[in-house]
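Raw contents of structure.cif, mmCIF, C-alpha atoms:
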```
data_run
loop_
_atom_site.label_atom_id
_atom_site.label_comp_id
_atom_site.auth_asym_id
_atom_site.auth_seq_id
_atom_site.Cartn_x
_atom_site.Cartn_y
_atom_site.Cartn_z
CA MET A 1 0.00 0.00 0.00
CA THR A 2 2.86 2.35 0.83
CA ARG A 3 4.28 1.80 -2.66
CA TRP A 4 1.10 3.13 -4.27
CA LEU A 5 1.11 6.20 -2.01
CA ARG A 6 4.57 7.25 -3.17
CA PRO A 7 4.71 9.98 -5.85
CA SER A 8 4.99 8.40 -9.29
CA LEU A 9 5.63 10.21 -12.54
CA SER A 10 3.95 7.40 -14.51
CA ARG A 11 0.76 7.59 -12.47
CA ARG A 12 0.84 11.36 -12.60
CA ILE A 13 1.06 11.40 -16.41
CA ILE A 14 -1.68 8.77 -16.82
CA LEU A 15 -3.97 10.50 -14.33
CA ALA A 16 -3.35 13.84 -16.02
CA LEU A 17 -4.29 12.36 -19.41
CA LEU A 18 -7.41 10.71 -17.96
CA LEU A 19 -8.36 13.97 -16.28
CA ALA A 20 -7.95 15.76 -19.62
CA ILE A 21 -10.22 13.17 -21.26
CA GLY A 22 -12.76 13.58 -18.46
CA LEU A 23 -12.74 17.36 -18.79
CA LEU A 24 -13.17 17.03 -22.55
CA ALA A 25 -16.10 14.66 -22.00
CA GLY A 26 -17.66 17.17 -19.60
CA VAL A 27 -17.32 19.98 -22.14
CA VAL A 28 -18.88 17.79 -24.84
CA LEU A 29 -21.73 16.86 -22.47
CA ILE A 30 -22.51 20.47 -21.63
CA GLN A 31 -22.28 21.51 -25.28
CA ASP A 32 -24.64 18.71 -26.34
CA GLN A 33 -27.13 19.71 -23.65
CA LEU A 34 -27.10 23.34 -24.73
CA ASP A 35 -27.47 22.36 -28.39
CA LEU A 36 -30.40 20.05 -27.59
CA GLN A 37 -32.15 22.68 -25.50
CA ARG A 38 -31.82 25.18 -28.35
CA SER A 39 -33.09 22.65 -30.89
CA MET A 40 -36.20 21.61 -28.89
CA GLY A 41 -38.15 24.74 -29.67
CA THR A 42 -37.12 24.92 -33.30
CA SER A 43 -38.01 21.25 -33.93
CA VAL A 44 -41.69 21.75 -33.04
CA ALA A 45 -41.79 24.83 -35.26
CA GLN A 46 -40.27 22.94 -38.20
CA LEU A 47 -42.79 20.09 -37.74
CA GLY A 48 -45.67 22.54 -37.61
CA GLN A 49 -44.54 24.24 -40.83
CA GLN A 50 -44.38 20.88 -42.64
CA ILE A 51 -47.88 19.83 -41.51
CA ALA A 52 -49.29 23.28 -42.32
CA ALA A 53 -47.95 22.98 -45.86
CA GLY A 54 -49.95 19.75 -46.29
CA LEU A 55 -53.09 21.27 -44.78
CA ASP A 56 -53.04 24.17 -47.22
CA GLU A 57 -53.87 21.71 -50.03
CA LEU A 58 -57.07 20.47 -48.31
CA ASP A 59 -60.52 22.11 -48.27
CA ASP A 60 -62.54 19.42 -46.47
CA PRO A 61 -62.52 19.68 -42.66
CA ALA A 62 -62.93 15.91 -42.31
CA GLN A 63 -59.87 15.23 -44.46
CA ALA A 64 -57.88 17.85 -42.55
CA ALA A 65 -58.85 16.21 -39.24
CA LYS A 66 -57.97 12.78 -40.64
CA LEU A 67 -54.54 14.07 -41.74
CA MET A 68 -53.92 15.46 -38.26
CA SER A 69 -54.97 12.17 -36.66
CA GLY A 70 -52.56 10.23 -38.86
CA HIS A 71 -49.67 12.53 -38.02
CA ALA A 72 -50.45 12.25 -34.30
CA ARG A 73 -50.52 8.43 -34.29
CA HIS A 74 -47.39 8.06 -36.42
CA LEU A 75 -45.21 10.65 -34.70
CA ASN A 76 -46.20 9.72 -31.14
CA ALA A 77 -45.58 6.04 -31.88
CA GLN A 78 -42.04 6.99 -32.92
CA ARG A 79 -41.52 9.10 -29.80
CA ARG A 80 -42.61 6.26 -27.50
CA ARG A 81 -39.81 4.08 -28.90
CA GLN A 82 -37.22 6.67 -27.80
CA GLU A 83 -36.47 6.64 -24.06
CA MET A 84 -35.23 10.21 -23.85
CA LEU A 85 -38.43 11.91 -25.10
CA PRO A 86 -40.70 12.58 -22.12
CA GLY A 87 -44.21 12.44 -23.62
CA ASP A 88 -46.55 12.71 -26.61
CA LEU A 89 -46.95 15.64 -28.92
CA LEU A 90 -50.25 17.50 -28.67
CA PHE A 91 -51.99 18.20 -31.99
CA GLN A 92 -54.87 20.70 -32.32
CA LEU A 93 -56.69 21.84 -35.43
CA PHE A 94 -59.20 24.69 -35.63
CA ASP A 95 -61.04 26.16 -38.60
CA ALA A 96 -61.06 29.83 -39.48
CA ARG A 97 -64.12 30.41 -37.26
CA GLY A 98 -62.32 28.97 -34.22
CA GLN A 99 -64.20 25.67 -34.11
CA ARG A 100 -62.05 22.75 -32.93
CA LEU A 101 -61.79 20.05 -35.61
CA TYR A 102 -59.23 17.79 -33.93
CA ALA A 103 -57.34 17.43 -30.66
CA SER A 104 -55.05 14.51 -29.85
CA ALA A 105 -55.72 14.93 -26.12
CA PRO A 106 -58.24 16.88 -24.12
CA ALA A 107 -56.35 20.05 -23.18
CA GLU A 108 -56.75 23.76 -23.25
CA ALA A 109 -56.16 25.44 -26.58
CA ILE A 110 -52.73 26.74 -27.49
CA SER A 111 -53.17 30.47 -27.46
CA LYS A 112 -49.82 32.08 -28.33
CA PRO A 113 -49.16 32.57 -32.07
CA GLY A 114 -45.83 31.38 -33.44
CA LEU A 115 -43.23 29.68 -31.25
CA GLY A 116 -43.67 29.95 -27.50
CA GLU A 117 -43.96 28.23 -24.14
CA GLN A 118 -47.14 27.35 -22.31
CA THR A 119 -48.22 25.29 -19.32
CA ILE A 120 -50.84 22.77 -20.33
CA GLY A 121 -52.36 20.45 -17.76
CA GLY A 122 -49.75 21.53 -15.23
CA ARG A 123 -46.85 20.65 -17.52
CA ALA A 124 -44.47 22.88 -19.50
CA TYR A 125 -44.59 22.65 -23.29
CA TRP A 126 -42.92 24.20 -26.27
CA THR A 127 -45.82 25.43 -28.45
CA TYR A 128 -46.28 26.42 -32.07
CA ARG A 129 -49.36 28.01 -33.65
CA LYS A 130 -49.89 28.92 -37.30
CA ASP A 131 -53.11 30.56 -38.44
CA GLY A 132 -53.91 30.20 -42.14
CA GLU A 133 -56.92 31.23 -44.30
CA ARG A 134 -58.81 27.97 -43.59
CA TRP A 135 -57.02 26.25 -40.74
CA SER A 136 -55.34 27.11 -37.43
CA LEU A 137 -52.67 24.48 -36.66
CA ARG A 138 -51.41 24.17 -33.10
CA LEU A 139 -48.69 21.85 -31.76
CA ALA A 140 -47.16 21.33 -28.32
CA GLU A 141 -44.05 19.32 -27.35
CA PRO A 142 -43.27 18.52 -23.69
CA SER A 143 -40.22 20.33 -22.40
CA ILE A 144 -37.37 18.18 -21.06
CA ALA A 145 -36.06 19.25 -17.65
CA SER A 146 -32.36 20.17 -17.59
CA THR A 147 -31.65 17.65 -14.83
CA HIS A 148 -33.37 14.86 -16.77
CA LEU A 149 -31.55 15.81 -19.96
CA LEU A 150 -28.17 16.02 -18.17
CA GLY A 151 -28.71 12.71 -16.39
CA PHE A 152 -29.69 10.92 -19.57
CA ALA A 153 -26.76 12.37 -21.54
CA SER A 154 -24.35 11.57 -18.68
CA TRP A 155 -25.51 7.98 -18.56
CA GLU A 156 -25.14 7.54 -22.29
CA LEU A 157 -21.72 9.19 -22.35
CA GLY A 158 -20.66 7.28 -19.22
CA LYS A 159 -21.44 3.92 -20.85
CA GLN A 160 -19.28 4.86 -23.82
CA LEU A 161 -16.41 6.00 -21.62
CA LEU A 162 -16.53 2.82 -19.54
CA LEU A 163 -16.04 0.85 -22.72
CA ALA A 164 -13.38 3.24 -24.05
CA PHE A 165 -11.28 3.57 -20.86
CA PRO A 166 -9.62 0.14 -21.05
CA LEU A 167 -8.81 0.75 -24.70
CA MET A 168 -7.29 4.15 -23.83
CA LEU A 169 -5.42 3.03 -20.71
CA LEU A 170 -3.42 0.31 -22.43
CA PRO A 171 -1.78 2.56 -25.07
CA LEU A 172 -1.32 5.31 -22.46
CA TRP A 173 0.44 2.91 -20.08
CA LEU A 174 2.62 1.50 -22.87
CA ALA A 175 3.53 5.01 -24.11
CA VAL A 176 4.44 6.24 -20.62
CA ARG A 177 6.41 3.09 -19.79
CA ARG A 178 8.39 3.18 -23.03
CA GLY A 179 8.87 6.93 -22.72
CA LEU A 180 10.39 6.61 -19.23
CA ALA A 181 12.61 3.66 -20.16
CA PRO A 182 15.59 5.98 -20.99
CA LEU A 183 15.34 7.49 -17.50
CA ARG A 184 15.51 4.00 -16.00
CA ARG A 185 18.63 3.31 -18.07
CA LEU A 186 20.13 6.57 -16.86
CA THR A 187 19.37 5.61 -13.25
CA LYS A 188 20.98 2.20 -13.72
CA GLY A 189 24.06 3.79 -15.29
CA ILE A 190 24.44 6.14 -12.33
CA GLU A 191 23.94 3.34 -9.79
CA THR A 192 26.61 1.15 -11.40
CA MET A 193 29.14 3.97 -11.74
CA ASP A 194 32.32 3.57 -9.68
CA ILE A 195 33.06 7.15 -8.70
CA ARG A 196 36.37 6.22 -7.08
CA HIS A 197 37.94 4.87 -10.26
CA GLN A 198 36.09 6.35 -13.22
CA LEU A 199 33.77 9.16 -14.13
CA ALA A 200 33.42 8.22 -17.78
CA PRO A 201 30.52 9.75 -19.75
CA LEU A 202 27.39 7.59 -19.73
CA ALA A 203 26.80 8.30 -23.44
CA LEU A 204 23.23 6.95 -23.28
CA ASP A 205 20.91 7.12 -26.27
CA LEU A 206 17.92 8.78 -24.60
CA ARG A 207 16.13 8.90 -27.98
CA TYR A 208 13.64 11.61 -27.11
CA ALA A 209 14.41 15.29 -27.67
CA GLU A 210 13.12 16.21 -24.18
CA LEU A 211 15.53 13.80 -22.47
CA ARG A 212 18.68 14.40 -24.51
CA PRO A 213 19.54 17.69 -22.72
CA LEU A 214 19.37 15.77 -19.41
CA GLY A 215 21.88 13.18 -20.60
CA GLN A 216 24.15 15.82 -22.09
CA ALA A 217 23.99 17.92 -18.92
CA PHE A 218 24.87 14.87 -16.79
CA ASP A 219 27.83 13.98 -19.03
CA THR A 220 28.97 17.62 -18.82
CA LEU A 221 28.73 17.42 -15.03
CA LEU A 222 30.82 14.26 -15.05
CA ALA A 223 33.42 16.00 -17.20
CA ARG A 224 33.58 18.86 -14.70
CA LEU A 225 33.91 16.39 -11.83
CA ARG A 226 36.73 14.58 -13.66
CA GLU A 227 38.51 17.87 -14.22
CA ARG A 228 38.01 18.97 -10.62
CA LEU A 229 39.11 15.60 -9.26
CA ALA A 230 42.22 15.63 -11.41
CA ARG A 231 42.96 19.19 -10.30
CA GLU A 232 42.51 18.30 -6.64
CA GLN A 233 44.70 15.22 -6.97
CA ALA A 234 47.41 17.29 -8.62
CA PHE A 235 46.97 19.95 -5.93
CA VAL A 236 47.36 17.41 -3.13
CA HIS A 237 50.39 15.92 -4.83
CA ASP A 238 52.02 19.31 -5.33
CA ALA A 239 51.15 20.46 -1.81
CA ALA A 240 52.68 17.32 -0.33
CA HIS A 241 55.78 17.84 -2.45
CA GLU A 242 56.11 21.49 -1.41
CA LEU A 243 55.60 20.71 2.27
CA ARG A 244 58.10 17.87 2.20
CA THR A 245 61.07 20.24 1.76
CA PRO A 246 60.45 22.61 4.70
CA LEU A 247 59.44 19.71 6.92
CA ALA A 248 62.66 17.90 6.06
CA VAL A 249 64.60 21.08 6.85
CA ILE A 250 62.74 21.44 10.15
CA ALA A 251 63.56 17.86 11.09
CA ALA A 252 67.23 18.20 10.14
CA GLN A 253 67.77 21.53 11.88
CA ALA A 254 65.87 20.43 14.97
CA HIS A 255 68.13 17.37 15.16
CA THR A 256 71.17 19.62 14.82
CA VAL A 257 69.94 21.95 17.59
CA LEU A 258 69.39 18.99 19.91
CA GLN A 259 72.60 17.11 19.16
CA THR A 260 75.31 19.75 18.65
CA HIS A 261 77.15 21.44 21.47
CA ASP A 262 78.76 24.14 19.33
CA GLU A 263 76.99 27.44 20.00
CA ALA A 264 77.62 28.89 16.51
CA THR A 265 76.26 25.77 14.87
CA ARG A 266 73.25 25.83 17.16
CA ARG A 267 72.52 29.48 16.30
CA GLN A 268 72.83 28.75 12.58
CA ALA A 269 70.57 25.70 12.87
CA SER A 270 68.06 27.66 14.94
CA ALA A 271 67.89 30.40 12.30
CA ALA A 272 67.41 27.83 9.54
CA LEU A 273 64.77 26.11 11.69
CA MET A 274 62.80 29.34 12.17
CA GLN A 275 63.04 30.10 8.47
CA ALA A 276 61.69 26.64 7.58
CA ILE A 277 58.88 27.01 10.13
CA ALA A 278 57.98 30.41 8.69
CA ARG A 279 57.96 28.97 5.16
CA SER A 280 55.75 26.07 6.27
CA ALA A 281 53.36 28.44 8.04
CA HIS A 282 53.24 30.69 4.98
CA LEU A 283 52.58 27.74 2.67
CA SER A 284 49.90 26.37 4.99
CA GLN A 285 48.18 29.75 5.13
CA GLN A 286 48.26 30.04 1.34
CA LEU A 287 46.83 26.53 0.97
CA LEU A 288 44.07 27.48 3.40
CA ASP A 289 43.37 30.71 1.50
CA LEU A 290 43.21 28.82 -1.79
CA ALA A 291 40.86 26.20 -0.33
CA THR A 292 38.62 28.96 1.04
CA LEU A 293 38.46 30.70 -2.33
CA ASP A 294 37.78 27.36 -4.08
CA GLN A 295 34.70 26.58 -2.02
CA ALA A 296 31.40 26.41 -3.88
CA SER A 297 29.44 28.62 -1.47
CA PRO A 298 28.49 32.04 -2.87
CA PRO A 299 30.69 35.00 -1.91
CA THR A 300 29.68 37.15 1.04
CA ARG A 301 29.38 40.75 -0.10
CA ASP A 302 29.61 43.44 2.58
CA LEU A 303 29.54 47.21 2.26
CA ILE A 304 33.25 48.09 2.51
CA ASP A 305 35.38 51.17 1.87
CA VAL A 306 37.86 49.51 -0.50
CA ALA A 307 39.99 52.67 -0.64
CA ALA A 308 40.54 52.61 3.14
CA LEU A 309 41.08 48.83 3.07
CA SER A 310 43.72 49.22 0.35
CA ALA A 311 45.47 51.91 2.35
CA ASP A 312 45.55 49.60 5.41
CA ILE A 313 47.07 46.77 3.36
CA LEU A 314 49.77 49.08 1.97
CA ALA A 315 50.53 50.35 5.48
CA GLN A 316 51.22 46.75 6.57
CA HIS A 317 53.86 46.43 3.82
CA LEU A 318 55.52 49.85 4.29
CA ARG A 319 58.14 48.57 6.72
CA LEU A 320 59.27 45.77 4.37
CA ALA A 321 59.30 48.19 1.43
CA SER A 322 61.34 50.69 3.40
CA GLU A 323 63.88 48.06 4.44
CA GLN A 324 64.41 47.13 0.78
CA GLY A 325 64.45 50.74 -0.41
CA ILE A 326 61.30 50.25 -2.48
CA GLU A 327 58.92 53.16 -3.10
CA LEU A 328 55.36 51.95 -2.38
CA SER A 329 52.46 54.28 -3.25
CA LEU A 330 48.66 54.25 -3.59
CA GLU A 331 46.51 56.32 -5.96
CA ALA A 332 42.84 56.06 -4.95
CA PRO A 333 39.85 58.31 -4.16
CA PRO A 334 39.46 59.40 -0.52
CA GLN A 335 36.51 57.04 -0.13
CA LEU A 336 35.13 54.25 -2.31
CA THR A 337 32.38 52.22 -0.65
CA LEU A 338 31.20 49.11 -2.50
CA HIS A 339 29.47 45.78 -1.87
CA ILE A 340 32.32 43.32 -2.19
CA ASP A 341 33.73 40.10 -0.72
CA ARG A 342 36.20 41.46 1.83
CA GLY A 343 38.21 38.24 2.23
CA ALA A 344 38.70 37.75 -1.51
CA PHE A 345 39.72 41.39 -2.07
CA LEU A 346 42.10 41.25 0.89
CA SER A 347 43.77 38.03 -0.36
CA LEU A 348 44.09 39.38 -3.89
CA LEU A 349 45.70 42.72 -2.99
CA GLN A 350 47.97 41.27 -0.30
CA ASN A 351 49.38 38.65 -2.66
CA LEU A 352 49.84 41.14 -5.52
CA ILE A 353 51.77 43.55 -3.27
CA ASP A 354 53.78 40.73 -1.68
CA ASN A 355 54.64 39.41 -5.15
CA ALA A 356 55.70 42.87 -6.37
CA LEU A 357 57.87 43.57 -3.30
CA ARG A 358 59.47 40.13 -3.60
CA TYR A 359 60.60 40.49 -7.22
CA VAL A 360 60.92 44.24 -7.97
CA GLY A 361 64.39 44.52 -6.43
CA ARG A 362 66.08 47.08 -4.21
CA GLY A 363 65.38 50.68 -5.16
CA GLY A 364 62.37 49.80 -7.28
CA ARG A 365 58.87 51.27 -7.38
CA VAL A 366 55.48 49.68 -6.78
CA GLU A 367 52.35 51.69 -7.54
CA VAL A 368 48.80 50.65 -6.62
CA SER A 369 45.89 52.42 -8.30
CA LEU A 370 42.19 52.06 -7.55
CA LYS A 371 39.23 53.68 -9.31
CA LEU A 372 35.58 53.18 -10.26
CA ASP A 373 34.64 53.98 -13.86
CA ALA A 374 31.86 53.21 -16.33
CA GLN A 375 33.00 49.58 -16.66
CA GLY A 376 33.35 48.90 -12.93
CA LEU A 377 36.11 48.70 -10.31
CA GLN A 378 39.65 48.86 -11.70
CA LEU A 379 42.61 47.83 -9.53
CA ALA A 380 46.20 47.83 -10.82
CA VAL A 381 49.48 46.88 -9.12
CA ALA A 382 52.44 47.92 -11.28
CA ASP A 383 56.21 47.80 -10.71
CA ASP A 384 59.43 48.55 -12.61
CA GLY A 385 61.18 45.26 -11.81
CA PRO A 386 62.49 42.58 -14.17
CA GLY A 387 58.96 41.67 -15.32
CA ILE A 388 57.68 38.36 -16.63
CA ALA A 389 58.68 36.88 -19.96
CA GLN A 390 55.93 36.80 -22.54
CA ALA A 391 56.18 33.02 -22.82
CA ASP A 392 55.71 32.63 -19.07
CA GLN A 393 52.70 34.93 -18.68
CA VAL A 394 50.26 32.14 -19.53
CA GLN A 395 51.58 29.96 -16.70
CA VAL A 396 52.05 32.47 -13.90
CA PHE A 397 48.58 31.82 -12.47
CA GLU A 398 49.08 28.06 -12.27
CA ARG A 399 49.46 26.54 -8.82
CA PHE A 400 53.04 25.85 -7.68
CA TRP A 401 54.48 27.31 -10.87
CA ARG A 402 57.54 29.50 -10.29
CA GLY A 403 59.47 31.43 -12.84
CA LYS A 404 63.03 30.70 -13.84
CA ASN A 405 66.21 32.75 -13.54
CA HIS A 406 65.81 33.71 -9.90
CA ASP A 407 66.68 32.15 -6.57
CA LEU A 408 64.08 33.85 -4.38
CA PRO A 409 62.15 31.55 -2.02
CA GLY A 410 58.43 31.13 -2.66
CA THR A 411 55.56 28.68 -2.85
CA GLY A 412 54.19 29.37 -6.33
CA LEU A 413 50.69 29.90 -4.91
CA GLY A 414 50.44 33.70 -4.65
CA LEU A 415 49.22 34.39 -8.20
CA ALA A 416 47.01 31.27 -8.17
CA ILE A 417 45.30 32.81 -5.13
CA VAL A 418 45.03 36.10 -7.05
CA ARG A 419 43.27 34.44 -9.99
CA GLN A 420 40.86 32.50 -7.77
CA ALA A 421 40.09 35.60 -5.68
CA ALA A 422 39.38 37.56 -8.86
CA ARG A 423 36.91 34.89 -9.99
CA ARG A 424 35.21 34.96 -6.60
CA LEU A 425 34.90 38.73 -6.88
CA GLY A 426 33.28 38.31 -10.29
CA GLY A 427 36.21 39.82 -12.22
CA GLN A 428 39.34 38.87 -14.14
CA VAL A 429 43.06 39.59 -13.85
CA HIS A 430 45.18 40.59 -16.84
CA ILE A 431 48.92 41.16 -17.25
CA SER A 432 50.34 44.21 -18.99
CA ALA A 433 53.53 46.25 -19.07
CA GLY A 434 54.66 47.86 -15.81
CA LEU A 435 55.98 51.32 -14.94
CA GLY A 436 57.89 53.01 -17.74
CA GLN A 437 57.29 49.95 -19.96
CA ARG A 438 59.36 47.92 -17.48
CA GLY A 439 58.34 45.37 -14.94
CA VAL A 440 54.81 44.03 -14.89
CA CYS A 441 51.33 45.30 -14.11
CA PHE A 442 48.49 43.11 -12.80
CA GLU A 443 45.11 44.65 -13.62
CA LEU A 444 41.88 43.53 -11.96
CA GLY A 445 38.54 44.50 -13.52
CA ILE A 446 35.24 43.84 -11.71
CA PRO A 447 32.09 44.71 -13.73
CA ARG A 448 29.52 47.01 -12.18
CA ALA A 449 26.93 44.23 -12.27
CA ALA A 450 29.12 42.05 -10.01
CA LEU A 451 29.27 44.96 -7.55
CA GLY A 452 25.49 45.43 -7.59
CA ILE A 453 25.82 48.80 -9.36
CA PRO A 454 23.36 49.51 -12.22
#
```
So that I can check it, write out the structure of this file as structure tokens.
Amino acid sequence: MTRWLRPSLSRRIILALLLAIGLLAGVVLIQDQLDLQRSMGTSVAQLGQQIAAGLDELDDPAQAAKLMSGHARHLNAQRRRQEMLPGDLLFQLFDARGQRLYASAPAEAISKPGLGEQTIGGRAYWTYRKDGERWSLRLAEPSIASTHLLGFASWELGKQLLLAFPLMLLPLWLAVRRGLAPLRRLTKGIETMDIRHQLAPLALDLRYAELRPLGQAFDTLLARLRERLAREQAFVHDAAHELRTPLAVIAAQAHTVLQTHDEATRRQASAALMQAIARSAHLSQQLLDLATLDQASPPTRDLIDVAALSADILAQHLRLASEQGIELSLEAPPQLTLHIDRGAFLSLLQNLIDNALRYVGRGGRVEVSLKLDAQGLQLAVADDGPGIAQADQVQVFERFWRGKNHDLPGTGLGLAIVRQAARRLGGQVHISAGLGQRGVCFELGIPRAALGIP
């Protein structure tokens, strides 16, 4: 019983089709009733006109009465054989002086000329009266009550539907079952998929145009999952490789500190130990930042003064810039309040400035500019350092990729964090020439729509 109470697409489709058939039958029933009610009055008028045409050819009252009697017997005998008709027709014939020549039943005379309605003997009738030069023909047909007419028509239509339903249900059930067969194959393919070892496309022939987009979308999703899984596996492999070196240094230097008795060697090992710990902490923080930016949850946009936030970030790097003789400056409006993801913007600008200060060299310049224009928010971090070779600019945003021809320590994650933060902010990062056509400039553009600005 519980199985039949569960929602079922097959039952829903079949019930919807049966309901549509039922509604159509109801519309047909109502339309037939209205048509029959309209035709009841006109039918008695048409019959009266036909009989009056025959009476016009007669002059003898006895023959006219005999003609009326024949019509009454013949027509009422036909009506009695039909179950739906509620009673006999009333026939009355008068001469020009108003003398009754014939009446099929004792009843009051039909008084209203033309087509009308009249109660005769306590019963409603449709009436027709035509007065000619010699004869006055009068007919009356019992009215059929709407409830009686509706009940009779419903019974007749119901008998036909009871016979037709089994014939309709079988093709409906077969069509629905065959139509949903591709979905059952898709379900089976998903159930038998080994997600740990393969995410190969299902490549099912779903046959129907309505189901093909579903199969294609699922195969596209599998392709994205394969790409993401491969990227995560590579990330884990690279992260383990990068962490192995500082951890090995930590272990070696810690062993030296514990085992050696020479003070100079201990100081040297301690310094190397602290440097390795700092590198490990920095790498761990960057891995955490990258994982946070990679998460699928939507960004949290707060109302922030990005100009003041940029100034705070630059102030944190002023001491390092001063120690290296680097000129660090900011060009921004006094206030620039926007709805933006604070964490992503903070990670992006911190890594761009850290990257510039790391590679620009002693005595260099680093300029940060911030503005809002017709396209959106524009952030640029430019320097006059050695720059990045054109061939390497495509790879600089890859995780753990580090440029050649330098011996500076680093993790290769800073610009990967920049790219991911830019995506989370709804923008993109581009590389162009730096200050005085030297060095490099990283330009971030965030469209106004991503900032909630019309």
Residues returned when the PyMOL selection byres ((chain A and resi 113-121) around 10) runs on this file, as a PyMOL selection string: chain A and resi 41-42+44-45+48+90+106-112+122-131+136-143
Atom-to-atom span, CA of Ala223 (chain A) and CA of Val394 (chain A), Å: 23.4 Å
Option closest in space to His317 (chain A), from A:Leu303, A:Leu67, A:Ile353, A:Leu221 [counting all atoms listed in the file]: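 Counting all atoms listed in the file, the residue closest to His317 (chain A) is A:Ile353.
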Neighbour list for region 447-452 of chain A as a VMD selection string, cut-off 9 Å, only C-alpha atoms, skip fewer than 5 positions in-chain: chain A and resid 301 338 to 340 372 to 378 425 to 427
Selection: 9 Å around region 94-105 of chain A, all atoms listed in the file, excl. self and same-chain fewer than 3 positions, as an NGL selection string: :A and (61-62 or 64-66 or 68-69 or 72-73 or 89-91 or 131-138)
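Of the residues under consideration (A:Gly414, A:Gly158, A:Gly445, A:Gly364), A:Gly445 shows the shortest atom-to-atom contact distance to Gln428 (chain A) when counting all atoms listed in the file.
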Selection dump of the PyMOL selection byres ((chain A and resi 369) around 8), as number ranges by chain: A: 330-332, 367-368, 370-371, 378-381
Residue list as a PDB file with C-alpha atoms, keeping the file's coordinate frame for point (41.0, 35.0, -9.0), cut-off 10 Å, only C-alpha atoms:
```pdb
ATOM      1  CA  LEU A 290      43.210  28.820  -1.790  1.00  0.00           C
ATOM      2  CA  LEU A 293      38.460  30.700  -2.330  1.00  0.00           C
ATOM      3  CA  ASP A 294      37.780  27.360  -4.080  1.00  0.00           C
ATOM      4  CA  ALA A 344      38.700  37.750  -1.510  1.00  0.00           C
ATOM      5  CA  PHE A 345      39.720  41.390  -2.070  1.00  0.00           C
ATOM      6  CA  SER A 347      43.770  38.030  -0.360  1.00  0.00           C
ATOM      7  CA  LEU A 348      44.090  39.380  -3.890  1.00  0.00           C
ATOM      8  CA  PHE A 397      48.580  31.820 -12.470  1.00  0.00           C
ATOM      9  CA  LEU A 415      49.220  34.390  -8.200  1.00  0.00           C
ATOM     10  CA  ALA A 416      47.010  31.270  -8.170  1.00  0.00           C
ATOM     11  CA  ILE A 417      45.300  32.810  -5.130  1.00  0.00           C
ATOM     12  CA  VAL A 418      45.030  36.100  -7.050  1.00  0.00           C
ATOM     13  CA  ARG A 419      43.270  34.440  -9.990  1.00  0.00           C
ATOM     14  CA  GLN A 420      40.860  32.500  -7.770  1.00  0.00           C
ATOM     15  CA  ALA A 421      40.090  35.600  -5.680  1.00  0.00           C
ATOM     16  CA  ALA A 422      39.380  37.560  -8.860  1.00  0.00           C
ATOM     17  CA  ARG A 423      36.910  34.890  -9.990  1.00  0.00           C
ATOM     18  CA  ARG A 424      35.210  34.960  -6.600  1.00  0.00           C
ATOM     19  CA  LEU A 425      34.900  38.730  -6.880  1.00  0.00           C
ATOM     20  CA  GLY A 426      33.280  38.310 -10.290  1.00  0.00           C
ATOM     21  CA  GLY A 427      36.210  39.820 -12.220  1.00  0.00           C
ATOM     22  CA  GLN A 428      39.340  38.870 -14.140  1.00  0.00           C
ATOM     23  CA  VAL A 429      43.060  39.590 -13.850  1.00  0.00           C
ATOM     24  CA  LEU A 444      41.880  43.530 -11.960  1.00  0.00           C
TER      25      LEU A 444
END
```
Using the file's own x, y and z axes, so that the box edges lie along x, y and z, what centre and edge lengths in Å (one decimal) does a box around every listed atom of region 354-369 of chain A get when 8 Å is added on each side? Give it as JSON.
```
{"center_x": 56.0, "center_y": 45.9, "center_z": -5.0, "size_x": 36.2, "size_y": 29.0, "size_z": 22.6}
```
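Atom to atom, CA of Ala52 (chain A) and CA of Gly70 (chain A) stand 13.9 Å apart.
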Residue contacts of Leu17 (chain A) (10 Å, all atoms listed in the file) excluding same-chain residues fewer than 5 positions away, as a PyMOL selection string: chain A and resi 11-12+22-23+168-169+172
Between CA of Leu318 (chain A) and CA of Ala356 (chain A), distance in Å (one decimal):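 Atom-to-atom, CA of Leu318 (chain A) to CA of Ala356 (chain A), that is 12.7 Å.
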The PyMOL selection byres ((chain A and resi 390) around 12) applied to the shown file, residues as a PyMOL selection string: chain A and resi 387-389+391-396+403+431-433+439-440
